[in-house]
Every structure is written in structure tokens, then in C-alpha cells.
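Read the structure below first, then the notes.
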Amino acid sequence: MRMVCCKCKSDKALIKYAGYSRMNVRIEGECLKLETVYVPRMYCKTCKRTFAVLKDDEIKNTSYCESFKKEVVNQYRSRADTVEKICMKYQIAITTMYKWVHQMEKEEKSS
Ligand SMILES: [Zn+2]
């Protein structure tokens, strides 16, 4: 794979920059599979900008599915752990979790 800067299209002077990992969740039969997706970032010396190596749509493909959201909300409701621990376990932001909780409450009320 040839790497070019997505801003200036230069393929020179690209260096590895801090990336981040995020959790991707797949459902296989009855099983919830967690896998870590590493999203590397590169730094371009030519235009002095950083960019993610993965394209936007690739990152979007790693979004959370409904079953995963339900799983997280169930954990929260059952008070299985503290909010911080649940979010750490599933690698999500606390605000994200609360968003899902509210979403699910809305859906339950409308159905
Ligand atoms: Zn560049």
C-alpha cells in the first residue's frame, strides 16, 4: 500500500504519528465479539498536517451495532459496574453511553 498525504498528496516525509485504538463489535451467532481496531495517524512534513490513514468510510464501518448498544445499556441498568468501568470495558465515552441510554428510553416509550 502506497501512502500519500490526503491533504497535499505528497508521498514523501510521512512519519508515524500517535494513533488511537477503538473497539469494533461484531455479532457472531449468539456471541458478541470485541476486536480492537487501530486507527493510525500520520504526520506529513511537507504540509505539516496529520491525517488518519483509514478513510472516513472505513472508520464508519467500525461503528457500533444495535446489539452492542443494548448490551452496554443493559450493563448500565443492571448496575453491574460503575459507569466509568463499563465505559472503559467497552472503550466508549461516558457521553456516548448516556446518549444510547436516552435513545433506548425514547424507543421504548414510542413502541
Ligand atoms: Zn501533506
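Just remember, in the C-alpha cells the first chain shown is A, the second B, etc., residues are 1-based per chain, and ligands are 1-based in the order shown.
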
At a cut-off of 6 Å, can you tabulate as CSV every residue of chain A near ligand 1 together with its closest atom pair and the distance in Å to one decimal, using only C-alpha atoms and all ligand atoms and ordering rows by chain then number?
```
residue,atom,partner,partner_atom_place_in_ligand_line,distance
A:Cys5,CA,ligand 1,1 (Zn),4.6
A:Lys7,CA,ligand 1,1 (Zn),5.0
A:Cys8,CA,ligand 1,1 (Zn),4.1
A:Ser10,CA,ligand 1,1 (Zn),5.6
A:Cys44,CA,ligand 1,1 (Zn),4.7
A:Thr46,CA,ligand 1,1 (Zn),5.1
A:Cys47,CA,ligand 1,1 (Zn),4.2
```

Item checked: Non-local contacts of Tyr64 in chain A (12 Å; only C-alpha atoms; under 5 positions in same chain excluded) as a VMD selection string -> chain A and resid 22 to 27 32 to 35 59 69 to 72 90 to 92 96 to 97 100

Next item on the list: Write out as a VMD selection string all residues of chain A that backbone DSSP assigns to alpha helix (DSSP H).
Entry: chain A and resid 56 to 60 66 to 77 83 to 90 94 to 110

Keeping N, CA and C atoms, export the residues of the selection given above as a short mmCIF file (atom, residue, chain, number, x, y, z; two decimals), in the first residue's frame.
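Once written, part-v2.cif looks like this:
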```cif
data_model
loop_
_atom_site.label_atom_id
_atom_site.label_comp_id
_atom_site.auth_asym_id
_atom_site.auth_seq_id
_atom_site.Cartn_x
_atom_site.Cartn_y
_atom_site.Cartn_z
N ASP A 56 -12.57 7.81 5.80
CA ASP A 56 -13.74 8.06 6.63
C ASP A 56 -14.74 6.91 6.61
N ASP A 57 -14.99 6.35 5.41
CA ASP A 57 -15.99 5.29 5.35
C ASP A 57 -15.51 4.01 6.02
N GLU A 58 -14.19 3.81 6.06
CA GLU A 58 -13.66 2.65 6.76
C GLU A 58 -13.88 2.80 8.27
N ILE A 59 -13.71 4.03 8.74
CA ILE A 59 -13.91 4.28 10.16
C ILE A 59 -15.39 4.12 10.50
N LYS A 60 -16.25 4.60 9.60
CA LYS A 60 -17.69 4.48 9.82
C LYS A 60 -18.13 3.03 9.90
N GLU A 66 -26.58 -2.14 16.91
CA GLU A 66 -27.66 -2.02 17.89
C GLU A 66 -27.50 -2.99 19.06
N SER A 67 -27.07 -4.22 18.75
CA SER A 67 -26.92 -5.21 19.82
C SER A 67 -25.86 -4.78 20.83
N PHE A 68 -24.83 -4.14 20.32
CA PHE A 68 -23.78 -3.68 21.22
C PHE A 68 -24.30 -2.57 22.12
N LYS A 69 -25.05 -1.64 21.54
CA LYS A 69 -25.63 -0.56 22.33
C LYS A 69 -26.52 -1.11 23.43
N LYS A 70 -27.34 -2.10 23.05
CA LYS A 70 -28.25 -2.71 24.03
C LYS A 70 -27.48 -3.36 25.16
N GLU A 71 -26.41 -4.04 24.78
CA GLU A 71 -25.57 -4.71 25.77
C GLU A 71 -25.02 -3.69 26.79
N VAL A 72 -24.53 -2.58 26.28
CA VAL A 72 -23.96 -1.55 27.15
C VAL A 72 -25.04 -0.95 28.06
N VAL A 73 -26.21 -0.65 27.46
CA VAL A 73 -27.30 -0.06 28.24
C VAL A 73 -27.79 -1.03 29.31
N ASN A 74 -27.84 -2.33 28.95
CA ASN A 74 -28.24 -3.34 29.94
C ASN A 74 -27.28 -3.38 31.12
N GLN A 75 -26.00 -3.29 30.81
CA GLN A 75 -24.98 -3.29 31.86
C GLN A 75 -25.16 -2.10 32.78
N TYR A 76 -25.47 -0.97 32.17
CA TYR A 76 -25.67 0.26 32.93
C TYR A 76 -26.90 0.12 33.82
N ARG A 77 -27.97 -0.42 33.28
CA ARG A 77 -29.23 -0.53 34.03
C ARG A 77 -29.14 -1.56 35.15
N VAL A 83 -20.34 3.36 36.03
CA VAL A 83 -20.39 3.91 34.68
C VAL A 83 -18.99 3.99 34.07
N GLU A 84 -18.04 4.43 34.86
CA GLU A 84 -16.66 4.56 34.36
C GLU A 84 -16.11 3.22 33.92
N LYS A 85 -16.36 2.18 34.73
CA LYS A 85 -15.81 0.86 34.41
C LYS A 85 -16.46 0.27 33.16
N ILE A 86 -17.78 0.46 33.04
CA ILE A 86 -18.48 -0.06 31.86
C ILE A 86 -17.93 0.61 30.60
N CYS A 87 -17.76 1.91 30.67
CA CYS A 87 -17.25 2.64 29.50
C CYS A 87 -15.82 2.25 29.17
N MET A 88 -15.04 1.99 30.20
CA MET A 88 -13.66 1.59 29.97
C MET A 88 -13.62 0.21 29.31
N LYS A 89 -14.49 -0.68 29.82
CA LYS A 89 -14.54 -2.04 29.31
C LYS A 89 -14.90 -2.06 27.82
N TYR A 90 -15.84 -1.21 27.44
CA TYR A 90 -16.29 -1.21 26.05
C TYR A 90 -15.63 -0.12 25.21
N ILE A 94 -18.25 8.28 28.12
CA ILE A 94 -19.39 8.29 29.03
C ILE A 94 -20.58 9.01 28.37
N THR A 95 -20.30 10.09 27.65
CA THR A 95 -21.38 10.83 26.97
C THR A 95 -22.06 9.95 25.92
N THR A 96 -21.28 9.11 25.25
CA THR A 96 -21.84 8.19 24.26
C THR A 96 -22.81 7.22 24.92
N MET A 97 -22.39 6.71 26.07
CA MET A 97 -23.23 5.76 26.77
C MET A 97 -24.57 6.40 27.18
N TYR A 98 -24.50 7.60 27.72
CA TYR A 98 -25.73 8.28 28.14
C TYR A 98 -26.64 8.57 26.94
N LYS A 99 -26.01 8.87 25.82
CA LYS A 99 -26.77 9.12 24.60
C LYS A 99 -27.58 7.86 24.23
N TRP A 100 -26.93 6.70 24.32
CA TRP A 100 -27.60 5.44 24.00
C TRP A 100 -28.72 5.15 25.00
N VAL A 101 -28.45 5.45 26.28
CA VAL A 101 -29.47 5.22 27.31
C VAL A 101 -30.72 6.02 26.98
N HIS A 102 -30.53 7.29 26.62
CA HIS A 102 -31.67 8.15 26.29
C HIS A 102 -32.37 7.68 25.01
N GLN A 103 -31.56 7.28 24.04
CA GLN A 103 -32.12 6.76 22.78
C GLN A 103 -33.02 5.57 23.04
N MET A 104 -32.53 4.68 23.87
CA MET A 104 -33.28 3.46 24.14
C MET A 104 -34.55 3.75 24.93
N GLU A 105 -34.47 4.71 25.83
CA GLU A 105 -35.67 5.09 26.59
C GLU A 105 -36.74 5.64 25.65
N LYS A 106 -36.30 6.45 24.71
CA LYS A 106 -37.23 7.02 23.73
C LYS A 106 -37.90 5.93 22.91
N GLU A 107 -37.08 4.98 22.44
CA GLU A 107 -37.60 3.89 21.62
C GLU A 107 -38.60 3.04 22.40
N GLU A 108 -38.30 2.83 23.67
CA GLU A 108 -39.20 2.00 24.49
C GLU A 108 -40.53 2.70 24.72
N LYS A 109 -40.48 4.02 24.88
CA LYS A 109 -41.71 4.78 25.10
C LYS A 109 -42.58 4.83 23.86
N SER A 110 -41.94 4.89 22.68
CA SER A 110 -42.71 5.02 21.45
C SER A 110 -43.25 3.68 20.95
#
```

Notebook entry, point to check: Which value, in Å to one decimal, gives the distance between CA of Tyr20 in chain A and CA of Thr82 in chain A?
Noted result: 24.1 Å

Next item on the list: Please return as a ChimeraX atom specification: the residues of chain A that backbone DSSP assigns to strand (DSSP E or B).
Entry: /A:14-28,31-44,49-52

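Here CA of Pro40 in chain A stands at a distance of 10.8 Å from CA of Ile15 in chain A.
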
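Nearest residue to Lys12 in chain A, choosing from A:Lys45, A:Val37, A:Ala93, A:Ser111 and counting only C-alpha atoms: A:Lys45.
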